[in-house]
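Report on the following structure.
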Amino acid sequence: MTLLLRGGRVVDPAREVDAEMDVLVEGDRIAALGADLEAPEGAEVVDADGKVVTPGLIDIHVHLREPGQEYKESIESGARAAAAGGFTAVACMANTVPVNDNRSVTEHIVKEAAKHPYARVYPVGAVSKGLAGEELAEIADMVSAGIVAVSDDGLPVWDSELMRRALQYVQHFDIPLVQHAQDLSLTRGGVMHEGIWSTRLGLPGMPGAGEDVMVARDLALVEDTGGRYHVQHLSTARSLELVRRAKAEGLPVTCEVTPHHLLLTDEEVALSGFSTHTKMSPPLRSESDRQALLAGLADGTVDAIASDHAPHHPDEKALQFSEAPFGVVGLETTVSLCLDRLVRPGVISLERLVALLASEPARLMGLPGGSLEPGGPADITVLDLDAEVVIEPADFRSKARNTPFGGWELVGAPVLTVVAGVVQRPSEWAAA
Amino acid sequence: MSETVWERKDLLGIAELEPAEIGLILDTAESFREVAERPIKKVPTLRGKTVVNLFFEPSTRTRSSFEIAEKRLSADGLNFSTSGSSLVKGENLIDTAMNLQAMAPDLIVIRHQHPGVPHMLARRLEAGVINAGDGAHEHPTQALLDAFTIRAHKGRLEGLDVAIVGDIEHSRVVRSNIHLLTKMGATVTVAGLRTMMPIGVESLGVRVVHRLEEAVADADVVMMLRVQKERLGGGKLFPSDDEYFQLFGLTRRHLQAAKPDTLVMHPGPMNRGVEIASDVADGPQSVILEQVANGVAVRMAILYLLSGAQREAA
């Protein structure tokens with residue numbers, strides 16, 4: 001099978017390319033890039049005139065809920081949501097039921113993902129057995145079955161000794177240890193950021209220090225062990241500063257931020273009238289935290305934007321604020337939010353956005369793709385920077401609807417993706 | 001009498017009220033105050049109206065106060081509390097509310113341990129919703145009865161210095177009182193242990209002090225808050241009742257150093273010997289039982305206004 005994407009503006013930060021070019025795909029590989037490429041006989045031609053062609057976007061932090069909670073999301077619906085959102089690959093967290101802490105669960109995910117190739121699905125294994133934070137999971141076994149990183153996400157690796165050993169152990173496999181940084185003794189019982197809005201609303205707070213304390217501890221252990229360490233959904237100014245300094249010292253540290261932490265603050269809980277779609281962990285932070293994250297995007301401290309796509313059933317999110325589960329979905333909103341709220345106002349360049357969503361995530365998790373290099377995998381995203389969209393949760397391909405961004409009017413959207421040389425057209429699929 | 005007409009379906013908090021609306025409730029309560037002094041303590045104002053008292057958290061005082069207010073207005077009241085309700089069976093809160101709605105009540109009084117629950121229900125229910133306390137968020141009827149009591153003694157709210165002392169972090173009473181008193185032109189000082197002082201409370205327009213003596217010094221009113229032992233996390237906020245009393249318990253010694261006509265208030269129930277000494281609670285400056293009496297009149301006024309009876313009469 002041959003595919004020619006014709007006339008698009010190719011933005012490929014890993015190769016420092018930003019030019020109008022055609023992209024030729026043969027089979028599941030990129031064959032060539034260049035001006036006015038000849039379409040081979042029988043090739044499918046996609047007109048990308050006026051569009052932007054990028055390496056396939058990668059969301060390194062999603063929850064697909066399979067196995068065990070398919071009423072929230074499944075690998076199939078999650079992979080479709082990824083495609084609809086412009087992503088060609090996702091990394092799914094281990095807090096499924098049962099937990100992905102052993103080879104058989106990893107194999108199940110890999111096998112299911114192969115049946116639904118709308119996007120590549122890379123499993124992340126648990127650090128500890130049962131996410132209990134006590135004993136190491138069988139990481140070598142899971143690596144051979146296909147995990148790309150380890151994380152107890154949803155929970156921190158809390159025990160300092162386990163963290164130290166895990167940072168040593170993962171070096172045998174050259175994978176990062178991915179941390180949900182939260183000191184539970186500071187955040188337990190909290191349901192939103194501790195600040196003037198939790199004070200006004202009388203809701204139990206989660207202080208920013210709950211994250212900072214854990215990042216600081218972890219960085220000391222990274223310095224001692226040399227293990228690769230990635231901070232998930234980093235949300236505070238002080239944690240960002242800790243990462244910035246650690247990077248300056250040359251430590252093997254990376255971090256991601258989410259669109260909701262970049263675009264919303266704790267005030268949203270009040271403005272929305274206690275909407276449970278503003279409840280997630282870590283919580284929406286203060287405006288000064290938000291500004292620090294935006295600065296971190298621009299100055300390179302932040303390595304990736306990831307959605308922390310956390311689907312929940314509407315009945316679960318219909319509970320009162322304090323009782324509803326944490327989490328919001330993001331696969332189908334991230335790209336438009338970033339194009340409209342980060343690139344259009346000039347917070348970051350389009351090239352930087354593609355780095356944050358493709359080349360850097362690929363690099364930090366050691367994934368294939370992330371660039372449009374000839375010979376590399378034919379994973380491609382096409383964006384329309386002028387498309388006007390309204391976020392309509394009812395149209396999501398995800399099974400879940402829990403987004404704080406419903407009704408937002410945005411400019412810029414994904415048009416299609418190519419996964420392993422196959423064009424995905426989510427607009428032809430019905431909403432879940 | 002105020003010329004304001006009540007337009008809101010619900011009374012969810014003081015934060016969203018205009019000063020004129022607060023004034024209207026207080027003025028309306030004045031006219032209901034004398035009902036309690038009649039030999040037959042009942043008026044026909046809300047005859048044929050149904051009020052549901054939906055209490056998800058134990059409450060004796062507030063619930064009794066609403067019940068008496070409803071009876072004195074001739075409304076039909078229904079009590080619905082967690083014990084024996086479908087909530088213990090795990091029914092979703094919204095389902096419970098929709099079931100009640102199906103019985104077409106006119107007003108629902110709700111108390112819940114979690115902030116925002118009355119707001120969530122108010123959006124879905126046709127009935128008017130009265131917040132009788134939502135977690136540590138708001139307790140608007142308490143703040144209104146406190147204001148009524150202060151006004152009855154001082155003749156005004158504007159220009160008064162009010163000190164609110166105690167567990168500021170876990171108190172819904174303090175949040176509603178701060179909103180109400182600052183809107184009406186009083187100056188509010190909050191005082192308490194640093195471990196029980198919510199972050200950024202100054203942003204609500206109050207002065208923060210950490211010594212009881214300092215809080216009481218120039219106060220026209222001292223409002224003591226209950227130490228909510230059930231909300232405190234296992235000895236991490238203060239080590240013992242005795243030590244709390246040493247630091248923040250109101251005693252005669254404090255009052256002797258204050259203005260002679262300082263009012264002493266407490267929303268109840270009191271922990272005698274923890275936040276307040278018995279001789280102060282029962283002393284001449286205490287208006288604690290008056291607060292309770294006024295609560296009925298204020299709640300009658302709120303039920304009356306939310307029922308639409310004022311609009312219909314206008």
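For the structure tokens, the naming scheme is as follows: chains receive sequential letters (A, B, ...) according to their order of presentation, residues are indexed from 1 within each chain, and ligands are indexed from 1 in presentation order.
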
*Excluding segment 213-221 of chain A and any residue of its chain fewer than 3 positions from it, enumerate the residues within 10 Å of it, using only C-alpha atoms, and give them as JSON, numbers by chain.*
{"A": [156, 157, 158, 160, 161, 163, 164, 165, 167, 168, 179, 180, 181, 182, 183, 184, 186, 208, 209, 210, 224, 225, 226, 227, 229, 230, 231, 234, 238, 239, 240, 242, 243, 246, 251, 252, 253]}

Go ahead and save the residues from that selection, with N, CA and C atoms, as a compact mmCIF listing (two decimals), in the first residue's frame.
```
# COMPACT_ATOMS: atom_id res chain seq x y z
N PRO A 156 1.17 7.49 44.24
CA PRO A 156 2.62 7.67 44.17
C PRO A 156 3.35 6.40 44.59
N VAL A 157 4.61 6.27 44.16
CA VAL A 157 5.49 5.31 44.85
C VAL A 157 5.91 6.05 46.11
N TRP A 158 5.32 5.64 47.22
CA TRP A 158 5.38 6.45 48.42
C TRP A 158 6.56 6.08 49.30
N SER A 160 10.06 5.37 50.40
CA SER A 160 11.32 5.89 49.86
C SER A 160 12.28 4.79 49.46
N GLU A 161 12.31 3.74 50.23
CA GLU A 161 13.22 2.63 49.91
C GLU A 161 12.77 1.93 48.64
N MET A 163 11.18 3.27 46.22
CA MET A 163 11.49 4.19 45.13
C MET A 163 12.96 4.10 44.75
N ARG A 164 13.80 4.07 45.75
CA ARG A 164 15.24 4.00 45.49
C ARG A 164 15.58 2.72 44.73
N ARG A 165 15.01 1.61 45.19
CA ARG A 165 15.30 0.33 44.53
C ARG A 165 14.73 0.30 43.13
N LEU A 167 14.27 2.80 41.13
CA LEU A 167 15.10 3.64 40.25
C LEU A 167 16.39 2.91 39.84
N GLN A 168 16.86 2.03 40.72
CA GLN A 168 18.02 1.21 40.34
C GLN A 168 17.60 0.12 39.35
N GLN A 179 6.34 8.90 37.69
CA GLN A 179 5.82 9.09 39.05
C GLN A 179 4.64 10.05 39.12
N HIS A 180 3.61 9.59 39.80
CA HIS A 180 2.49 10.45 40.24
C HIS A 180 2.94 11.02 41.58
N ALA A 181 3.52 12.21 41.54
CA ALA A 181 4.21 12.73 42.71
C ALA A 181 3.23 13.36 43.69
N GLN A 182 3.03 12.69 44.80
CA GLN A 182 2.09 13.20 45.78
C GLN A 182 2.40 12.58 47.14
N ASP A 183 2.63 13.42 48.12
CA ASP A 183 2.82 12.92 49.48
C ASP A 183 1.43 12.76 50.09
N LEU A 184 0.99 11.51 50.20
CA LEU A 184 -0.39 11.25 50.61
C LEU A 184 -0.70 11.78 52.01
N LEU A 186 0.04 14.53 53.11
CA LEU A 186 -0.34 15.95 52.97
C LEU A 186 -1.63 16.12 52.17
N GLY A 208 -0.13 22.44 47.46
CA GLY A 208 0.89 22.25 46.43
C GLY A 208 2.12 21.54 46.98
N ALA A 209 2.42 21.77 48.24
CA ALA A 209 3.58 21.13 48.86
C ALA A 209 3.48 19.61 48.82
N GLY A 210 2.26 19.09 48.73
CA GLY A 210 2.09 17.64 48.63
C GLY A 210 2.81 17.08 47.41
N ASP A 224 21.21 9.96 43.45
CA ASP A 224 22.00 8.85 44.01
C ASP A 224 22.04 7.63 43.10
N THR A 225 20.94 7.38 42.39
CA THR A 225 20.84 6.11 41.66
C THR A 225 21.12 6.24 40.17
N GLY A 226 20.84 7.43 39.60
CA GLY A 226 20.99 7.59 38.15
C GLY A 226 19.84 7.03 37.35
N GLY A 227 18.75 6.62 38.00
CA GLY A 227 17.60 6.08 37.27
C GLY A 227 16.86 7.18 36.52
N TYR A 229 13.83 9.29 35.44
CA TYR A 229 12.67 9.67 36.26
C TYR A 229 11.83 10.69 35.49
N HIS A 230 10.52 10.41 35.45
CA HIS A 230 9.60 11.30 34.74
C HIS A 230 8.46 11.69 35.67
N VAL A 231 8.23 13.00 35.81
CA VAL A 231 7.14 13.48 36.66
C VAL A 231 5.88 13.61 35.82
N LEU A 234 2.78 17.33 36.17
CA LEU A 234 3.39 18.30 37.10
C LEU A 234 2.49 19.54 37.15
N ARG A 238 6.64 25.31 42.16
CA ARG A 238 7.83 24.88 42.89
C ARG A 238 8.36 23.55 42.38
N SER A 239 7.45 22.62 42.03
CA SER A 239 7.91 21.36 41.45
C SER A 239 8.62 21.62 40.13
N LEU A 240 8.07 22.56 39.35
CA LEU A 240 8.69 22.88 38.07
C LEU A 240 10.10 23.42 38.28
N LEU A 242 12.05 22.79 40.78
CA LEU A 242 12.91 21.67 41.20
C LEU A 242 13.39 20.89 39.98
N VAL A 243 12.48 20.66 39.02
CA VAL A 243 12.85 19.92 37.82
C VAL A 243 13.83 20.75 36.98
N ALA A 246 17.18 20.45 38.52
CA ALA A 246 17.73 19.10 38.36
C ALA A 246 18.24 18.89 36.94
N LEU A 251 20.69 15.84 35.68
CA LEU A 251 20.01 14.61 36.10
C LEU A 251 19.06 14.12 35.01
N PRO A 252 18.84 12.80 34.95
CA PRO A 252 17.98 12.22 33.91
C PRO A 252 16.49 12.38 34.25
N VAL A 253 16.02 13.61 34.20
CA VAL A 253 14.68 13.95 34.66
C VAL A 253 13.87 14.58 33.54
```

*Residues of chain A no more than 8 Å from chain B, counting only C-alpha atoms: send them over as a ChimeraX atom specification.*
/A:194-196,199-203,273-274,318-322

*How many Å separate atom CA of Val90 of chain A from atom CA of Leu331 of chain A?*
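Separation of atom CA of Val90 of chain A and atom CA of Leu331 of chain A: 9.3 Å.
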
*By how many Å are atom CA of Val148 of chain A and atom CA of Tyr71 of chain A apart?*
25.7 Å

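Contact shell of Arg63 of chain B at 9 Å (only C-alpha atoms; same-chain neighbours under 3 positions omitted): B:Asn53, B:Phe55, B:Pro58, B:Ser59, B:Thr60, B:Phe66, B:Glu67, B:Ile68, B:Asn79, B:Val109, B:Arg111, B:Ala132.
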
Residues of segment 54-159 of chain A that approach segment 376-387 of chain A to 10 Å or less, counting only C-alpha atoms: could you list each one with the shortest pair of atoms and its distance in Å to one decimal, rows by chain and increasing residue number, as a tab-separated table?
```
residue	atom	partner	partner_atom	distance
A:Thr54	CA	A:Thr381	CA	5.2
A:Pro55	CA	A:Ile380	CA	4.7
A:Gly56	CA	A:Ile380	CA	3.9
A:Leu57	CA	A:Thr381	CA	6.4
A:Ile58	CA	A:Asp379	CA	9.8
A:Ala83	CA	A:Thr381	CA	9.2
A:Gly85	CA	A:Thr381	CA	9.8
A:Gly86	CA	A:Thr381	CA	6.0
A:Phe87	CA	A:Thr381	CA	7.1
A:Thr88	CA	A:Asp379	CA	6.2
A:Ala89	CA	A:Asp379	CA	8.5
A:Ala119	CA	A:Asp379	CA	9.1
A:Arg120	CA	A:Asp379	CA	9.3
```

Please save C-alpha atoms of the selected residues as a PDB file, in the first residue's frame.
```
ATOM      1  CA  THR A  54       3.387  16.408  11.649  1.00  0.00           C
ATOM      2  CA  PRO A  55       4.851  13.234  13.087  1.00  0.00           C
ATOM      3  CA  GLY A  56       2.083  11.185  14.677  1.00  0.00           C
ATOM      4  CA  LEU A  57       1.180  12.760  18.018  1.00  0.00           C
ATOM      5  CA  ILE A  58       1.724  10.692  21.160  1.00  0.00           C
ATOM      6  CA  ALA A  83      -7.407   8.842  16.590  1.00  0.00           C
ATOM      7  CA  GLY A  85      -8.025  13.603  18.822  1.00  0.00           C
ATOM      8  CA  GLY A  86      -5.135  13.439  16.371  1.00  0.00           C
ATOM      9  CA  PHE A  87      -3.004  10.936  18.291  1.00  0.00           C
ATOM     10  CA  THR A  88      -1.340   7.943  16.667  1.00  0.00           C
ATOM     11  CA  ALA A  89      -0.073   6.436  19.905  1.00  0.00           C
ATOM     12  CA  ALA A 119      -3.775   4.110  17.352  1.00  0.00           C
ATOM     13  CA  ARG A 120      -0.798   2.334  18.863  1.00  0.00           C
TER      14      ARG A 120
END
```

_Between atom CA of Ala145 of chain A and atom CA of Leu131 of chain A, distance in Å (one decimal)_ =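 Separation between atom CA of Ala145 of chain A and atom CA of Leu131 of chain A: 18.8 Å.
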
*Pick from A:Asp340, A:Glu66, A:Glu388, A:Asp212, whichever lies nearest to Glu112 of chain A using only C-alpha atoms*: A:Glu66

*Within 12 Å of Met103 of chain B, counting only C-alpha atoms, which residues show up once you throw out same-chain ones fewer than 2 positions away? Write them as a PyMOL selection string, please.*
chain B and resi 50-52+78+96-101+105-108+125-127

*Out of segment 190-303 of chain A, which residues get helix (DSSP H, G or I) from DSSP, as a PyMOL selection string?*
chain A and resi 196-201+209-225+237-248+259-263+267-271+276-278+287-299

Please produce an output containing C-alpha atoms for each residue in the selection, written as a tab-separated table (two decimals), in the first residue's frame.
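The resulting file, result15.tsv, is shown below:
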```tsv
chain	number	residue	atom	x	y	z
A	196	ILE	CA	-8.18	30.88	48.52
A	197	TRP	CA	-10.82	28.94	46.59
A	198	SER	CA	-10.79	25.92	48.88
A	199	THR	CA	-11.03	28.41	51.74
A	200	ARG	CA	-14.07	30.07	50.18
A	201	LEU	CA	-15.80	26.85	49.23
A	209	ALA	CA	3.58	21.13	48.86
A	210	GLY	CA	2.09	17.64	48.63
A	211	GLU	CA	3.57	17.43	45.15
A	212	ASP	CA	6.74	19.40	45.82
A	213	VAL	CA	7.81	17.30	48.79
A	214	MET	CA	7.59	14.14	46.71
A	215	VAL	CA	9.42	15.60	43.70
A	216	ALA	CA	12.19	16.87	45.98
A	217	ARG	CA	12.60	13.47	47.62
A	218	ASP	CA	12.58	11.70	44.28
A	219	LEU	CA	15.23	14.00	42.84
A	220	ALA	CA	17.57	13.17	45.71
A	221	LEU	CA	17.08	9.49	44.93
A	222	VAL	CA	17.59	10.07	41.20
A	223	GLU	CA	20.85	11.83	41.97
A	224	ASP	CA	22.00	8.85	44.01
A	225	THR	CA	20.84	6.11	41.66
A	237	ALA	CA	5.51	26.29	40.24
A	238	ARG	CA	7.83	24.88	42.89
A	239	SER	CA	7.91	21.36	41.45
A	240	LEU	CA	8.69	22.88	38.07
A	241	GLU	CA	11.56	24.84	39.57
A	242	LEU	CA	12.91	21.67	41.20
A	243	VAL	CA	12.85	19.92	37.82
A	244	ARG	CA	14.46	22.93	36.14
A	245	ARG	CA	17.36	22.86	38.58
A	246	ALA	CA	17.73	19.10	38.36
A	247	LYS	CA	17.95	19.34	34.59
A	248	ALA	CA	20.57	22.05	34.88
A	259	PRO	CA	-3.87	20.94	29.14
A	260	HIS	CA	-6.22	21.40	32.09
A	261	HIS	CA	-3.42	22.54	34.38
A	262	LEU	CA	-2.20	24.88	31.64
A	263	LEU	CA	-5.59	26.45	30.94
A	267	GLU	CA	-11.24	29.21	40.65
A	268	GLU	CA	-12.95	27.03	38.04
A	269	VAL	CA	-14.40	24.87	40.83
A	270	ALA	CA	-16.32	27.92	42.07
A	271	LEU	CA	-17.15	29.32	38.63
A	276	THR	CA	-17.21	17.44	39.25
A	277	HIS	CA	-15.62	17.98	35.83
A	278	THR	CA	-13.23	20.32	37.61
A	287	GLU	CA	-2.97	31.26	38.65
A	288	SER	CA	0.69	31.69	39.62
A	289	ASP	CA	1.24	27.96	39.27
A	290	ARG	CA	-0.46	28.06	35.88
A	291	GLN	CA	1.73	30.92	34.71
A	292	ALA	CA	4.83	29.03	35.82
A	293	LEU	CA	3.76	25.99	33.79
A	294	LEU	CA	3.25	28.16	30.70
A	295	ALA	CA	6.74	29.58	31.17
A	296	GLY	CA	8.08	26.04	31.56
A	297	LEU	CA	6.55	25.05	28.23
A	298	ALA	CA	8.32	27.88	26.49
A	299	ASP	CA	11.73	27.55	28.18
```

*Can you tell me, as a list in words, what residues are no more than 6 Å from segment 347-358 of chain A when counting only C-alpha atoms, ignoring any on the same chain fewer than 4 positions away?*
Pro13, Leu57, Ile58, Ala298, Asp303, Ala304, Ile305, Leu342, Val343 and Gly370 of chain A

Go ahead and write the residues just picked, C-alpha atoms, as a CSV table (one decimal), in the first residue's frame.
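Saved file result_17.csv follows:
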```csv
chain,number,residue,atom,x,y,z
A,13,PRO,CA,11.0,19.5,15.0
A,57,LEU,CA,1.2,12.8,18.0
A,58,ILE,CA,1.7,10.7,21.2
A,298,ALA,CA,8.3,27.9,26.5
A,303,ASP,CA,9.2,17.9,28.0
A,304,ALA,CA,5.7,16.8,27.1
A,305,ILE,CA,2.0,17.7,27.1
A,342,LEU,CA,-1.0,28.1,23.3
A,343,VAL,CA,0.0,28.5,19.7
A,370,GLY,CA,8.2,11.1,16.9
```

Distance query segment 216-219 of chain B at most 8 Å, only C-alpha atoms, self and fewer than 2 positions along chain excluded, as a CSV table (one decimal) with N, CA and C atoms, in the first residue's frame:
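The resulting file, part.csv, is reproduced below:
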```
chain,number,residue,atom,x,y,z
B,160,LEU,N,-19.7,48.1,63.1
B,160,LEU,CA,-19.4,47.3,64.3
B,160,LEU,C,-18.1,46.5,64.0
B,161,ASP,N,-17.4,46.2,65.2
B,161,ASP,CA,-16.2,45.3,65.1
B,161,ASP,C,-16.7,43.9,65.6
B,162,VAL,N,-16.6,42.9,64.8
B,162,VAL,CA,-17.0,41.6,65.2
B,162,VAL,C,-15.8,40.6,65.1
B,163,ALA,N,-15.6,40.0,66.2
B,163,ALA,CA,-14.5,39.0,66.3
B,163,ALA,C,-15.1,37.6,66.2
B,212,LEU,N,-6.2,35.4,71.3
B,212,LEU,CA,-7.6,35.7,71.7
B,212,LEU,C,-7.7,37.1,72.2
B,213,GLU,N,-6.8,37.5,73.1
B,213,GLU,CA,-6.8,38.8,73.7
B,213,GLU,C,-6.9,39.9,72.7
B,214,GLU,N,-6.1,39.8,71.6
B,214,GLU,CA,-6.1,40.8,70.6
B,214,GLU,C,-7.4,40.8,69.8
B,221,VAL,N,-18.8,42.6,69.3
B,221,VAL,CA,-19.4,41.2,69.3
B,221,VAL,C,-18.2,40.2,69.3
B,222,VAL,N,-18.3,39.2,70.1
B,222,VAL,CA,-17.4,38.1,70.1
B,222,VAL,C,-18.2,36.8,69.8
B,254,HIS,N,-11.0,37.6,79.8
B,254,HIS,CA,-11.0,38.3,78.5
B,254,HIS,C,-12.0,39.4,78.4
B,255,LEU,N,-13.2,39.1,79.0
B,255,LEU,CA,-14.3,40.0,78.8
B,255,LEU,C,-14.1,41.3,79.7
B,257,ALA,N,-11.3,42.7,80.1
B,257,ALA,CA,-10.4,43.6,79.4
B,257,ALA,C,-11.1,44.2,78.1
B,258,ALA,N,-12.3,43.8,77.8
B,258,ALA,CA,-12.9,44.2,76.6
B,258,ALA,C,-14.0,45.3,76.9
B,259,LYS,N,-14.7,45.7,75.8
B,259,LYS,CA,-15.7,46.8,76.0
B,259,LYS,C,-16.8,46.2,77.0
B,262,THR,N,-19.8,44.3,75.2
B,262,THR,CA,-19.5,43.3,74.2
B,262,THR,C,-20.5,42.1,74.3
```

In segment 49-99 of chain B, what's strand (DSSP E or B) per DSSP? Answer as a short mmCIF file (atom, residue, chain, number, x, y, z; two decimals) with N, CA and C atoms, in the first residue's frame?
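Listing of selection_20.cif after writing:
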```
data_model
loop_
_atom_site.label_atom_id
_atom_site.label_comp_id
_atom_site.auth_asym_id
_atom_site.auth_seq_id
_atom_site.Cartn_x
_atom_site.Cartn_y
_atom_site.Cartn_z
N THR B 50 -45.83 22.64 50.89
CA THR B 50 -45.12 21.48 51.42
C THR B 50 -43.62 21.78 51.50
N VAL B 51 -43.05 21.52 52.65
CA VAL B 51 -41.61 21.74 52.84
C VAL B 51 -40.98 20.42 53.28
N VAL B 52 -39.91 20.02 52.57
CA VAL B 52 -39.18 18.80 52.95
C VAL B 52 -37.90 19.20 53.66
N ASN B 53 -37.69 18.63 54.83
CA ASN B 53 -36.43 18.84 55.56
C ASN B 53 -35.53 17.65 55.30
N LEU B 54 -34.53 17.87 54.48
CA LEU B 54 -33.69 16.77 54.01
C LEU B 54 -32.33 16.88 54.71
N PHE B 55 -32.15 16.09 55.75
CA PHE B 55 -30.94 16.21 56.57
C PHE B 55 -30.07 14.99 56.43
N ASP B 76 -46.91 22.30 55.54
CA ASP B 76 -46.81 20.88 55.84
C ASP B 76 -45.35 20.47 55.69
N GLY B 77 -44.76 19.99 56.78
CA GLY B 77 -43.35 19.63 56.76
C GLY B 77 -43.16 18.12 56.74
N LEU B 78 -42.14 17.70 56.01
CA LEU B 78 -41.80 16.28 55.97
C LEU B 78 -40.33 16.16 56.33
N ASN B 79 -40.05 15.29 57.28
CA ASN B 79 -38.64 15.10 57.65
C ASN B 79 -38.07 13.87 56.99
N PHE B 80 -36.87 14.04 56.48
CA PHE B 80 -36.22 12.98 55.73
C PHE B 80 -34.77 13.03 56.17
N SER B 81 -34.35 12.00 56.88
CA SER B 81 -32.95 12.03 57.32
C SER B 81 -32.26 10.75 56.90
#
```

*Would you kindly return, as a ChimeraX atom specification, each protein, DNA or RNA residue with an atom no farther than 6 Å from any atom of segment 395-409 of chain A, considering only C-alpha atoms and excluding same-chain residues fewer than 5 positions away?*
/A:73,77-78,80-81,277-278,311-313,328-329,389-390,431-432

Those same residues, written as a short mmCIF file (atom, residue, chain, number, x, y, z; two decimals), in the first residue's frame with N, CA and C atoms?
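Just written: result-v3.cif:
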```cif
data_model
loop_
_atom_site.label_atom_id
_atom_site.label_comp_id
_atom_site.auth_asym_id
_atom_site.auth_seq_id
_atom_site.Cartn_x
_atom_site.Cartn_y
_atom_site.Cartn_z
N GLU A 73 -14.29 2.92 29.75
CA GLU A 73 -13.55 3.04 28.50
C GLU A 73 -13.02 1.66 28.18
N SER A 77 -12.48 1.79 22.39
CA SER A 77 -13.01 3.16 22.41
C SER A 77 -11.90 4.17 22.68
N GLY A 78 -10.94 3.78 23.50
CA GLY A 78 -9.83 4.69 23.79
C GLY A 78 -8.95 4.92 22.57
N ARG A 80 -9.93 4.72 19.50
CA ARG A 80 -10.71 5.56 18.59
C ARG A 80 -10.69 7.02 19.04
N ALA A 81 -10.81 7.20 20.36
CA ALA A 81 -10.74 8.57 20.89
C ALA A 81 -9.38 9.20 20.57
N HIS A 277 -16.56 17.97 36.97
CA HIS A 277 -15.62 17.98 35.83
C HIS A 277 -14.43 18.90 36.08
N THR A 278 -14.41 19.55 37.24
CA THR A 278 -13.23 20.32 37.61
C THR A 278 -12.44 19.60 38.71
N PRO A 311 -11.19 8.50 31.91
CA PRO A 311 -12.63 8.38 31.68
C PRO A 311 -13.35 7.84 32.91
N HIS A 312 -14.54 8.42 33.17
CA HIS A 312 -15.43 7.91 34.21
C HIS A 312 -16.84 7.88 33.65
N HIS A 313 -17.65 7.01 34.20
CA HIS A 313 -19.05 6.92 33.78
C HIS A 313 -19.81 8.15 34.29
N VAL A 328 -10.43 13.75 34.44
CA VAL A 328 -11.15 14.27 33.28
C VAL A 328 -10.57 13.61 32.02
N VAL A 329 -11.38 13.57 30.97
CA VAL A 329 -10.88 13.04 29.70
C VAL A 329 -10.15 14.15 28.93
N VAL A 389 -13.89 24.81 15.73
CA VAL A 389 -14.58 23.69 16.38
C VAL A 389 -15.21 24.14 17.69
N VAL A 390 -16.28 23.44 18.06
CA VAL A 390 -16.88 23.62 19.38
C VAL A 390 -16.78 22.26 20.07
N ALA A 431 -20.16 8.42 17.24
CA ALA A 431 -19.75 8.68 18.63
C ALA A 431 -20.04 7.44 19.46
N ALA A 432 -19.24 7.26 20.53
CA ALA A 432 -19.42 6.07 21.39
C ALA A 432 -20.67 6.24 22.23
#
```
